[in-house]
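Student: work33.cif is reproduced in full below (mmCIF, C-alpha atoms).
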```
data_start
loop_
_atom_site.label_atom_id
_atom_site.label_comp_id
_atom_site.auth_asym_id
_atom_site.auth_seq_id
_atom_site.Cartn_x
_atom_site.Cartn_y
_atom_site.Cartn_z
CA MET D 1 33.09 -22.70 -43.45
CA SER D 2 30.26 -20.43 -44.52
CA ARG D 3 29.01 -17.21 -42.98
CA ALA D 4 26.17 -19.18 -41.32
CA ASP D 5 28.46 -21.56 -39.46
CA PHE D 6 29.02 -19.33 -36.45
CA ARG D 7 26.85 -21.18 -33.92
CA PRO D 8 29.63 -23.53 -32.72
CA PHE D 9 31.62 -20.43 -31.79
CA VAL D 10 29.05 -18.77 -29.56
CA PRO D 11 30.89 -18.48 -26.22
CA ALA D 12 29.77 -20.27 -23.10
CA PRO D 13 28.82 -17.90 -20.25
CA GLY D 14 32.26 -18.21 -18.69
CA GLN D 15 33.94 -17.36 -22.01
CA SER D 16 32.08 -14.14 -22.73
CA ARG D 17 34.11 -10.99 -23.33
CA ILE D 18 31.29 -8.91 -21.88
CA ALA D 19 32.81 -7.62 -18.65
CA GLY D 20 30.06 -5.49 -17.14
CA ALA D 21 26.32 -5.03 -16.93
CA THR D 22 26.41 -1.57 -18.52
CA PRO D 23 28.53 -0.01 -21.29
CA ALA D 24 30.40 2.05 -18.68
CA GLU D 25 31.14 -0.95 -16.46
CA HIS D 26 32.21 -3.07 -19.40
CA THR D 27 34.50 -0.32 -20.68
CA ALA D 28 36.06 0.28 -17.27
CA ALA D 29 36.86 -3.42 -16.92
CA ARG D 30 38.11 -3.97 -20.45
CA THR D 31 40.39 -0.93 -20.55
CA GLN D 32 42.45 -2.25 -17.64
CA SER D 33 44.20 -4.84 -19.78
CA GLY D 34 47.66 -4.21 -21.16
CA ARG D 35 46.50 -4.74 -24.74
CA ALA D 36 43.70 -2.20 -24.35
CA GLN D 37 46.10 0.28 -22.78
CA GLU D 38 48.48 -0.21 -25.69
CA LEU D 39 45.68 0.40 -28.17
CA LEU D 40 44.36 3.52 -26.42
CA LYS D 41 47.84 4.97 -26.00
CA GLY D 42 48.50 4.49 -29.70
CA TRP D 43 45.20 6.10 -30.63
CA SER D 44 45.89 9.07 -28.39
CA GLU D 45 49.28 9.66 -29.97
CA LEU D 46 47.92 9.33 -33.49
CA SER D 47 45.00 11.70 -32.86
CA GLU D 48 47.39 14.46 -31.81
CA ARG D 49 49.21 14.46 -35.14
CA PRO D 50 48.07 17.02 -37.73
CA PHE D 51 45.93 15.54 -40.49
CA THR D 52 47.60 14.79 -43.80
CA GLY D 53 45.62 11.80 -45.09
CA ILE D 54 46.55 8.29 -46.15
CA THR D 55 49.33 8.28 -48.72
CA ALA D 56 51.35 5.70 -50.63
CA ASP D 57 54.74 7.24 -49.83
CA GLY D 58 54.26 9.96 -47.19
CA ALA D 59 53.80 12.75 -49.73
CA VAL D 60 50.30 14.12 -50.32
CA ARG D 61 49.56 14.35 -54.01
CA ALA D 62 47.98 17.71 -54.83
CA GLY D 63 45.37 18.60 -57.43
CA LEU D 64 43.31 15.42 -57.25
CA PHE D 65 40.05 16.94 -56.05
CA ALA D 66 38.00 19.89 -57.28
CA LEU D 67 34.92 21.77 -56.15
CA GLU D 68 32.01 20.87 -58.41
CA PRO D 69 28.34 20.03 -57.81
CA HIS D 70 27.49 16.36 -58.05
CA GLY D 71 23.79 16.47 -57.26
CA ALA D 72 23.95 15.58 -53.56
CA PRO D 73 20.52 16.01 -51.89
CA ALA D 74 21.80 19.04 -49.97
CA ALA D 75 18.45 20.71 -49.27
CA ALA D 76 16.78 17.56 -47.91
CA MET D 77 19.84 16.74 -45.81
CA ALA D 78 19.99 20.24 -44.31
CA GLU D 79 16.28 20.17 -43.52
CA ALA D 80 16.59 16.83 -41.70
CA ALA D 81 19.65 18.00 -39.75
CA ARG D 82 17.95 21.25 -38.70
CA ALA D 83 14.97 19.26 -37.49
CA LEU D 84 17.31 17.17 -35.34
CA LEU D 85 19.03 20.26 -33.93
CA ASP D 86 15.67 21.74 -33.00
CA ARG D 87 14.94 18.66 -30.89
CA LEU D 88 18.24 18.70 -28.98
CA SER D 89 18.37 20.23 -25.52
CA PRO D 90 21.10 22.86 -24.98
CA ALA D 91 23.16 20.30 -23.04
CA ARG D 92 22.90 17.66 -25.75
CA ARG D 93 23.60 20.20 -28.46
CA ALA D 94 26.79 21.25 -26.66
CA ARG D 95 27.95 17.60 -26.62
CA ALA D 96 27.03 16.75 -30.19
CA HIS D 97 27.39 19.89 -32.36
CA PHE D 98 30.83 21.16 -33.41
CA PRO D 99 32.35 23.57 -35.93
CA VAL D 100 32.73 22.08 -39.39
CA GLY D 101 36.53 22.12 -39.14
CA SER D 102 36.63 20.51 -35.70
CA GLU D 103 39.25 17.92 -34.80
CA MET D 104 36.40 15.89 -33.30
CA TRP D 105 35.82 14.41 -36.77
CA ARG D 106 38.89 12.23 -36.20
CA ARG D 107 37.85 10.85 -32.78
CA TRP D 108 35.75 7.96 -34.09
CA GLN D 109 36.49 4.34 -33.29
CA ASN D 110 34.82 1.05 -34.09
CA THR D 111 35.06 -1.00 -30.89
CA GLU D 112 32.24 -1.66 -28.45
CA LEU D 113 34.01 0.42 -25.80
CA TYR D 114 32.15 3.52 -24.60
CA LEU D 115 35.14 5.84 -24.44
CA GLU D 116 33.65 9.13 -25.61
CA GLU D 117 32.40 12.05 -23.56
CA HIS D 118 31.05 13.78 -26.66
CA GLY D 119 28.27 13.13 -29.14
CA LEU D 120 24.66 12.00 -28.93
CA ARG D 121 24.66 8.41 -27.73
CA LEU D 122 21.62 6.82 -29.36
CA ASP D 123 20.99 4.23 -26.65
CA GLU D 124 20.68 7.12 -24.19
CA ALA D 125 18.34 9.12 -26.42
CA GLY D 126 14.61 8.58 -26.68
CA PRO D 127 12.78 7.30 -29.77
CA GLU D 128 12.06 10.83 -31.00
CA LEU D 129 15.75 11.77 -31.17
CA ARG D 130 16.72 8.41 -32.64
CA ASP D 131 14.11 8.81 -35.35
CA ALA D 132 15.41 12.31 -36.10
CA VAL D 133 18.94 10.92 -36.49
CA LEU D 134 17.64 8.22 -38.81
CA GLU D 135 15.98 10.89 -40.94
CA VAL D 136 19.37 12.62 -41.34
CA LEU D 137 20.84 9.31 -42.49
CA ARG D 138 17.91 8.56 -44.77
CA ALA D 139 18.15 11.99 -46.42
CA GLY D 140 21.89 11.68 -47.09
CA LEU D 141 22.38 8.04 -48.06
CA SER D 142 21.15 5.95 -50.96
CA PRO D 143 18.25 3.62 -50.08
CA ARG D 144 20.73 0.74 -50.14
CA GLY D 145 23.18 2.73 -48.02
CA PHE D 146 20.52 3.42 -45.40
CA GLU D 147 19.48 -0.24 -45.36
CA LYS D 148 23.10 -1.31 -45.03
CA THR D 149 23.71 1.06 -42.13
CA ARG D 150 20.62 -0.19 -40.32
CA ALA D 151 21.71 -3.77 -41.00
CA VAL D 152 25.07 -3.12 -39.31
CA MET D 153 23.23 -1.68 -36.32
CA ARG D 154 20.73 -4.54 -36.16
CA LEU D 155 23.42 -7.21 -36.50
CA ASN D 156 25.25 -5.52 -33.63
CA GLY D 157 22.09 -5.97 -31.57
CA PHE D 158 21.86 -9.59 -32.74
CA LEU D 159 25.42 -10.20 -31.54
CA GLY D 160 24.53 -8.75 -28.15
CA GLU D 161 21.54 -11.07 -27.85
CA LEU D 162 23.62 -14.03 -29.03
CA ILE D 163 26.21 -13.66 -26.27
CA GLY D 164 24.07 -12.16 -23.50
CA GLY D 165 25.52 -8.66 -23.78
CA GLU D 166 22.55 -6.63 -25.02
CA ALA D 167 23.41 -3.60 -22.89
CA VAL D 168 26.91 -3.36 -24.38
CA LEU D 169 26.21 -4.50 -27.93
CA GLY D 170 22.87 -3.10 -28.99
CA GLU D 171 21.09 -1.80 -32.05
CA TRP D 172 21.48 1.74 -30.73
CA SER D 173 25.01 1.54 -29.21
CA PHE D 174 26.23 4.32 -31.54
CA THR D 175 27.23 7.97 -31.31
CA PHE D 176 26.07 10.76 -33.62
CA CYS D 177 27.67 14.19 -34.16
CA LEU D 178 26.87 17.22 -36.32
CA PHE D 179 29.51 19.56 -37.73
CA GLY D 180 28.81 23.08 -38.95
CA THR D 181 25.47 24.73 -39.67
CA PRO D 182 23.21 22.61 -41.90
CA SER D 183 22.83 24.51 -45.15
CA PRO D 184 22.20 23.75 -48.84
CA GLU D 185 25.17 25.97 -49.74
CA GLU D 186 27.72 26.15 -46.90
CA PRO D 187 29.92 23.25 -45.70
CA TRP D 188 28.56 21.04 -42.93
CA GLY D 189 28.40 17.37 -42.11
CA TRP D 190 27.60 14.54 -39.75
CA GLN D 191 29.18 11.46 -38.26
CA LEU D 192 27.83 8.18 -36.87
CA PHE D 193 30.13 5.68 -35.21
CA GLY D 194 30.24 2.71 -32.88
CA HIS D 195 30.94 -1.02 -33.00
CA HIS D 196 31.52 -2.05 -36.63
CA LEU D 197 30.36 1.30 -38.01
CA SER D 198 31.74 4.73 -38.85
CA LEU D 199 30.16 7.05 -41.40
CA ASN D 200 31.67 10.48 -41.97
CA CYS D 201 29.69 12.73 -44.30
CA LEU D 202 30.74 16.23 -45.39
CA LEU D 203 28.80 18.39 -47.83
CA VAL D 204 29.96 21.45 -49.73
CA GLY D 205 26.83 22.54 -51.55
CA GLU D 206 25.81 19.59 -53.73
CA GLN D 207 29.19 17.88 -53.42
CA MET D 208 29.57 15.11 -50.89
CA VAL D 209 32.33 13.02 -49.31
CA LEU D 210 31.42 9.90 -47.30
CA THR D 211 34.75 8.72 -45.95
CA PRO D 212 36.09 7.23 -43.80
CA CYS D 213 33.29 4.68 -44.17
CA PHE D 214 33.76 1.62 -41.96
CA MET D 215 31.20 -1.19 -41.96
CA GLY D 216 31.49 -4.64 -40.45
CA ALA D 217 29.62 -7.40 -38.65
CA GLU D 218 30.25 -10.37 -36.36
CA PRO D 219 28.40 -12.43 -37.39
CA ALA D 220 27.47 -11.05 -40.80
CA HIS D 221 24.23 -13.04 -40.85
CA ALA D 222 21.35 -13.36 -38.38
CA ASP D 223 19.82 -16.84 -38.21
CA ALA D 224 17.19 -16.20 -35.54
CA GLY D 225 15.13 -13.50 -33.91
CA PRO D 226 13.24 -10.57 -35.46
CA HIS D 227 15.93 -10.03 -38.09
CA ALA D 228 16.45 -13.67 -39.10
CA GLY D 229 17.80 -13.84 -42.65
CA LEU D 230 19.46 -10.42 -42.49
CA GLY D 231 22.96 -10.55 -43.99
CA LEU D 232 25.70 -8.25 -45.19
CA PHE D 233 28.70 -8.09 -47.52
CA GLU D 234 27.81 -10.98 -49.81
CA ASP D 235 28.51 -8.92 -52.94
CA GLU D 236 31.78 -7.55 -51.58
CA GLU D 237 32.85 -11.10 -50.72
CA HIS D 238 31.66 -12.94 -53.83
CA LYS D 239 32.66 -10.32 -56.39
CA GLY D 240 36.08 -9.88 -54.79
CA LEU D 241 36.75 -13.61 -54.97
CA ALA D 242 35.38 -13.82 -58.51
CA LEU D 243 37.70 -11.04 -59.66
CA MET D 244 40.74 -12.74 -58.13
CA ARG D 245 39.80 -16.12 -59.63
CA ALA D 246 39.25 -14.57 -63.07
CA LEU D 247 42.85 -13.37 -63.25
CA SER D 248 45.40 -15.36 -65.21
CA PRO D 249 47.84 -17.40 -63.09
CA GLU D 250 50.57 -14.81 -63.75
CA MET D 251 48.34 -11.89 -62.78
CA ARG D 252 47.03 -13.74 -59.74
CA GLY D 253 50.60 -14.31 -58.62
CA ARG D 254 51.32 -10.59 -58.89
CA ALA D 255 48.19 -9.71 -56.88
CA LEU D 256 48.97 -12.22 -54.12
CA VAL D 257 50.88 -10.72 -51.20
CA SER D 258 50.55 -13.76 -48.92
CA SER D 259 48.54 -16.96 -48.91
CA SER D 260 48.21 -16.92 -45.10
CA MET D 261 45.60 -15.02 -43.09
CA LYS D 262 47.25 -15.76 -39.73
CA GLY D 263 48.86 -12.95 -37.79
CA GLU D 264 52.02 -14.85 -36.89
CA ASP D 265 52.77 -15.23 -40.59
CA HIS D 266 52.91 -11.48 -41.21
CA PRO D 267 55.56 -8.91 -40.23
CA PRO D 268 54.91 -6.24 -37.57
CA GLY D 269 52.81 -3.46 -39.04
CA ARG D 270 51.02 -5.84 -41.39
CA TRP D 271 48.86 -7.45 -38.68
CA HIS D 272 47.56 -5.82 -35.50
CA PHE D 273 45.50 -7.41 -32.73
CA ALA D 274 42.85 -4.70 -32.99
CA ASP D 275 42.57 -4.38 -36.77
CA HIS D 276 43.98 -7.72 -38.02
CA LEU D 277 45.03 -7.10 -41.63
CA HIS D 278 43.22 -3.78 -41.94
CA LEU D 279 45.54 -0.84 -42.49
CA GLY D 280 43.03 2.02 -42.76
CA GLY D 281 40.97 1.67 -39.59
CA ALA D 282 40.35 4.01 -36.68
CA HIS D 283 42.99 6.69 -36.09
CA GLN D 284 44.91 5.68 -39.22
CA ASP D 285 44.19 8.99 -40.98
CA ASN D 286 47.86 9.59 -41.81
CA ARG D 287 49.03 6.05 -42.47
CA ILE D 288 51.57 5.41 -45.22
CA VAL D 289 50.49 2.37 -47.24
CA PRO D 290 52.73 1.58 -50.22
CA TYR D 291 51.08 0.21 -53.32
CA GLU D 292 51.13 -3.58 -53.49
CA GLY D 293 49.94 -6.28 -55.81
CA LEU D 294 48.70 -6.09 -59.36
CA PRO D 295 48.77 -2.78 -61.29
CA CYS D 296 45.33 -2.47 -62.82
CA ASP D 297 46.60 -1.05 -66.09
CA SER D 298 47.25 -4.70 -67.01
CA LEU D 299 43.59 -5.70 -66.62
CA SER D 300 41.46 -6.53 -69.64
CA ALA D 301 38.40 -4.43 -70.41
CA MET D 302 36.16 -7.05 -68.79
CA GLN D 303 38.37 -7.26 -65.70
CA ARG D 304 38.31 -3.47 -65.37
CA ARG D 305 34.53 -3.58 -65.53
CA ASP D 306 34.48 -6.25 -62.81
CA LEU D 307 36.83 -4.17 -60.66
CA LEU D 308 34.58 -1.13 -60.99
CA ASP D 309 31.57 -3.30 -60.11
CA LEU D 310 33.42 -4.35 -56.97
CA VAL D 311 34.22 -0.74 -56.11
CA ALA D 312 30.55 0.11 -56.59
CA CYS D 313 29.61 -2.42 -53.90
CA HIS D 314 31.78 -0.57 -51.41
CA VAL D 315 30.66 2.97 -52.28
CA GLU D 316 26.95 2.19 -52.72
CA PRO D 317 25.94 4.13 -49.57
CA LEU D 318 26.39 7.31 -51.63
CA PRO D 319 23.26 8.81 -53.22
CA ALA D 320 22.95 8.69 -57.00
CA GLY D 321 24.77 11.88 -58.07
CA PRO D 322 27.76 11.55 -55.72
CA LEU D 323 27.92 7.80 -56.46
CA LYS D 324 28.33 8.41 -60.18
CA ALA D 325 30.93 11.11 -59.52
CA ARG D 326 32.83 8.78 -57.19
CA LEU D 327 32.87 5.92 -59.69
CA ASP D 328 33.94 8.27 -62.49
CA GLU D 329 36.76 9.51 -60.24
CA VAL D 330 37.92 5.96 -59.53
CA GLU D 331 37.73 5.03 -63.22
CA ARG D 332 39.88 8.01 -64.25
CA HIS D 333 42.63 6.69 -61.99
CA LEU D 334 42.39 3.01 -62.96
CA PRO D 335 45.83 3.09 -64.66
CA GLU D 336 47.30 4.01 -61.24
CA THR D 337 45.19 1.56 -59.24
CA HIS D 338 46.55 -1.55 -57.54
CA PHE D 339 44.70 -4.68 -56.42
CA CYS D 340 46.27 -6.91 -53.78
CA TRP D 341 45.18 -10.12 -52.07
CA ILE D 342 46.01 -12.08 -48.93
CA GLY D 343 44.60 -15.54 -48.26
CA GLY D 344 43.12 -18.33 -50.32
CA THR D 345 41.13 -18.34 -53.53
CA GLU D 346 38.86 -21.37 -53.04
CA GLU D 347 35.12 -20.99 -52.62
CA ILE D 348 35.43 -21.54 -48.85
CA SER D 349 38.64 -19.52 -48.37
CA THR D 350 39.06 -16.57 -46.06
CA PHE D 351 40.85 -13.56 -47.50
CA TYR D 352 41.74 -9.90 -47.45
CA TYR D 353 41.86 -7.61 -50.47
CA ARG D 354 42.69 -3.96 -51.05
CA ILE D 355 41.92 -1.64 -53.96
CA GLN D 356 44.18 1.39 -53.79
CA SER D 357 44.67 4.40 -56.03
CA PRO D 358 45.42 8.11 -55.57
CA VAL D 359 41.69 8.70 -54.91
CA ALA D 360 40.43 5.45 -53.34
CA PHE D 361 41.49 3.11 -50.56
CA ILE D 362 39.17 0.11 -50.09
CA GLU D 363 39.73 -2.88 -47.81
CA PHE D 364 37.84 -6.11 -47.18
CA ASP D 365 38.96 -8.47 -44.40
CA HIS D 366 37.73 -11.74 -42.89
CA HIS D 367 38.47 -11.71 -39.14
CA SER D 368 38.98 -14.23 -36.40
CA GLY D 369 36.64 -14.08 -33.42
CA VAL D 370 36.39 -11.10 -31.12
CA PHE D 371 33.11 -11.84 -29.34
CA LEU D 372 32.73 -15.26 -30.95
CA THR D 373 35.45 -17.80 -30.25
CA ASN D 374 36.72 -18.82 -33.70
CA PRO D 375 40.54 -18.66 -33.39
CA ASP D 376 41.11 -18.27 -37.13
CA PRO D 377 39.58 -15.85 -39.63
CA ALA D 378 36.10 -16.89 -40.71
CA ARG D 379 33.68 -15.75 -43.38
CA PHE D 380 31.08 -14.74 -40.80
CA HIS D 381 33.21 -11.90 -39.32
CA ILE D 382 33.86 -9.18 -41.87
CA HIS D 383 35.32 -5.67 -41.81
CA THR D 384 35.26 -3.24 -44.73
CA ILE D 385 36.55 0.30 -45.06
CA VAL D 386 36.54 2.98 -47.73
CA ARG D 387 38.82 6.03 -47.50
CA THR D 388 39.76 8.92 -49.74
CA PRO D 389 43.57 9.19 -49.72
CA ASN D 390 45.74 12.25 -50.28
CA GLY D 391 43.92 14.51 -47.88
CA ASN D 392 40.22 14.24 -48.68
CA ASP D 393 38.92 11.99 -45.92
CA TYR D 394 36.26 13.96 -44.03
CA GLY D 395 36.19 16.19 -47.14
CA ILE D 396 39.14 18.11 -45.72
CA ASP D 397 40.69 18.96 -49.08
CA LEU D 398 37.34 20.19 -50.42
CA LEU D 399 36.78 22.24 -47.27
CA ARG D 400 40.19 23.85 -47.69
CA ARG D 401 39.43 24.64 -51.33
CA HIS D 402 36.05 26.09 -50.42
CA TYR D 403 37.55 28.51 -47.94
CA ALA D 404 40.40 29.40 -50.28
CA ARG D 405 37.87 30.27 -52.99
CA SER D 406 35.74 32.21 -50.51
CA ASP D 407 38.78 34.25 -49.39
CA HIS D 408 39.71 34.86 -53.01
CA HIS D 409 36.25 36.29 -53.68
CA GLY D 410 36.38 38.42 -50.57
CA GLY D 411 33.82 36.74 -48.37
CA ALA D 412 32.54 33.62 -46.71
CA GLY D 413 30.24 31.57 -48.88
#
```
Here is a file; write its structure as structure tokens.

Tutor:
Amino acid sequence: MSRADFRPFVPAPGQSRIAGATPAEHTAARTQSGRAQELLKGWSELSERPFTGITADGAVRAGLFALEPHGAPAAAMAEAARALLDRLSPARRARAHFPVGSEMWRRWQNTELYLEEHGLRLDEAGPELRDAVLEVLRAGLSPRGFEKTRAVMRLNGFLGELIGGEAVLGEWSFTFCLFGTPSPEEPWGWQLFGHHLSLNCLLVGEQMVLTPCFMGAEPAHADAGPHAGLGLFEDEEHKGLALMRALSPEMRGRALVSSSMKGEDHPPGRWHFADHLHLGGAHQDNRIVPYEGLPCDSLSAMQRRDLLDLVACHVEPLPAGPLKARLDEVERHLPETHFCWIGGTEEISTFYYRIQSPVAFIEFDHHSGVFLTNPDPARFHIHTIVRTPNGNDYGIDLLRRHYARSDHHGGAG
């Protein structure tokens, strides 16, 4: 089954999971189910826990991150964010603008449910505000990262059209927040989240963190309409499979955690109805994920190169300077990196893989249907996530270091 073979799984009208004519009505209906209540209760409990970060064993490893300029486009980003703020009414600013250290950073989620009472909801904003938000994204992301973000949004709209739920699943069904005062020198950031998307960007001068970064699509390819031919995640899929297939049989056996992608074949905690095999999704900021699979210190030079090429696919939303710094950071920790795999290794197989080190946590997962009806994982429904373990998601470790240095020098800044 290829990513284009989703048409047989478009639900009939009576099968649709769209439960209301508006986002609010749909959310009210969907959150009555026991499974939704279980999910929301779990999220609420997790969001109340103090942030530590994803770790391999429950202990945060110190000294991994340092304050240093990486050439982030700080001035252009601040200018675009100030322009957006100038266009916000006082009421909208109160909903969407928070202190840089706010706990609201951690309140993102990637379902279609409209659960939030905060943020600037783009489908409720006019074209002028939406364009101003896009300029913030354009200023802070690589050209490919901006295109990829817009592709996620457009494919979300395509899904809505496909199943007759345009009001719930739209190109603009996303929420934007600003944190701190936009400045080329002082810490600040922004967040965009919604169905299949969460970008969290913090700047400290010309240093930038863009995690958690969640991108996905169902389907991952549009075959009709104004965006026909638009597709996502081909490199992440093909290069991941190529890396696994290039391993020796012994190394492949060490990387393989399970050959099955089905939930019933995995223990509790490995598979969840909301996230499938993903371990680092929404509200998993403090999750303990032990290293699994193949230690990458056993890779050949060519295999290490291929692994770094695969990492580059996942972190390509970063602009040039921060991208190089991020890849250098990952490469320095390659001897401590692990690569694990679940699923098949044939050209048509569905699979999950994870690249995990002290400084990177990357997941790729083929999913079964949520709005489409495929009962088993398929290559046309894909989730990806990138996190920075050991306390630097949302740039929290860098923010702490910035304020510690500012206190040491006797002032803010």

Student: Find the axis-aligned box for region 173-185 of chain D, covering all its listed atoms and adding 6 Å on each side, and write its centre and edge lengths in Å to one decimal as JSON.

Tutor:
```
{"center_x": 25.9, "center_y": 13.8, "center_z": -39.5, "size_x": 19.3, "size_y": 36.4, "size_z": 32.5}
```

Student: Written as a ChimeraX atom specification, what is the full residue list that the PyMOL selection byres ((chain D and resi 151) around 12) yields on the file shown?

Tutor: /D:144-150,152-158,171-172,196-197,215-222,227-233

Student: I need the residue set behind the PyMOL selection byres ((chain D and resi 113) around 8) for this file; please write it as a PyMOL selection string.

Tutor: chain D and resi 23+26-27+111-112+114-115+195

Student: Find the distance between CA of Ala282 (chain D) and CA of Asn390 (chain D) and write it in Å to one decimal.

Tutor: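 CA of Asn390 (chain D) lies 16.8 Å from CA of Ala282 (chain D).
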
Student: Go through D:Arg379, D:Lys324, D:His333, D:Arg270 one by one, measure the shortest atom-to-atom distance of each to Val359 (chain D) using all atoms listed in the file, and give the residue with the smallest value.

Tutor: D:His333

Student: For CA of Phe9 (chain D) and CA of Leu169 (chain D), determine how far apart the two atoms are, in Å to one decimal place.

Tutor: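 CA of Leu169 (chain D) lies 17.3 Å from CA of Phe9 (chain D).
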
Student: How far is it from CA of Gly14 (chain D) to CA of Leu162 (chain D), in Å with one decimal?

Tutor: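 If I compute the distance from CA of Gly14 (chain D) to CA of Leu162 (chain D), I get 14.1 Å.
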
Student: Do a neighbour search on Leu199 (chain D) at 9 Å with only C-alpha atoms, toss out local chain neighbours closer than 2 positions, and write the hits as a count of residues only.

Tutor: 13

Student: So which one's closest to Tyr353 (chain D), D:Glu237, D:Glu329, D:Glu264, D:Asp397? Using all atoms listed in the file, please.

Tutor: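 Among the listed residues, the smallest separation from Tyr353 (chain D) belongs to D:Glu237.
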
Student: Skip Gly20 (chain D) itself and residues of its chain fewer than 4 positions away, then list as a VMD selection string all residues within 12 Å of it, counting only C-alpha atoms.

Tutor: chain D and resid 16 24 to 31 113 to 114 164 to 169

Student: Emit the selected residues as an mmCIF file, keeping the file's coordinate frame, including C-alpha atoms.

Tutor:
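Saved as out04.cif:
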```cif
data_model
loop_
_atom_site.group_PDB
_atom_site.id
_atom_site.type_symbol
_atom_site.label_atom_id
_atom_site.label_comp_id
_atom_site.auth_asym_id
_atom_site.auth_seq_id
_atom_site.Cartn_x
_atom_site.Cartn_y
_atom_site.Cartn_z
ATOM 1 C CA SER D 16 32.080 -14.140 -22.730
ATOM 2 C CA ALA D 24 30.400 2.050 -18.680
ATOM 3 C CA GLU D 25 31.140 -0.950 -16.460
ATOM 4 C CA HIS D 26 32.210 -3.070 -19.400
ATOM 5 C CA THR D 27 34.500 -0.320 -20.680
ATOM 6 C CA ALA D 28 36.060 0.280 -17.270
ATOM 7 C CA ALA D 29 36.860 -3.420 -16.920
ATOM 8 C CA ARG D 30 38.110 -3.970 -20.450
ATOM 9 C CA THR D 31 40.390 -0.930 -20.550
ATOM 10 C CA LEU D 113 34.010 0.420 -25.800
ATOM 11 C CA TYR D 114 32.150 3.520 -24.600
ATOM 12 C CA GLY D 164 24.070 -12.160 -23.500
ATOM 13 C CA GLY D 165 25.520 -8.660 -23.780
ATOM 14 C CA GLU D 166 22.550 -6.630 -25.020
ATOM 15 C CA ALA D 167 23.410 -3.600 -22.890
ATOM 16 C CA VAL D 168 26.910 -3.360 -24.380
ATOM 17 C CA LEU D 169 26.210 -4.500 -27.930
#
```
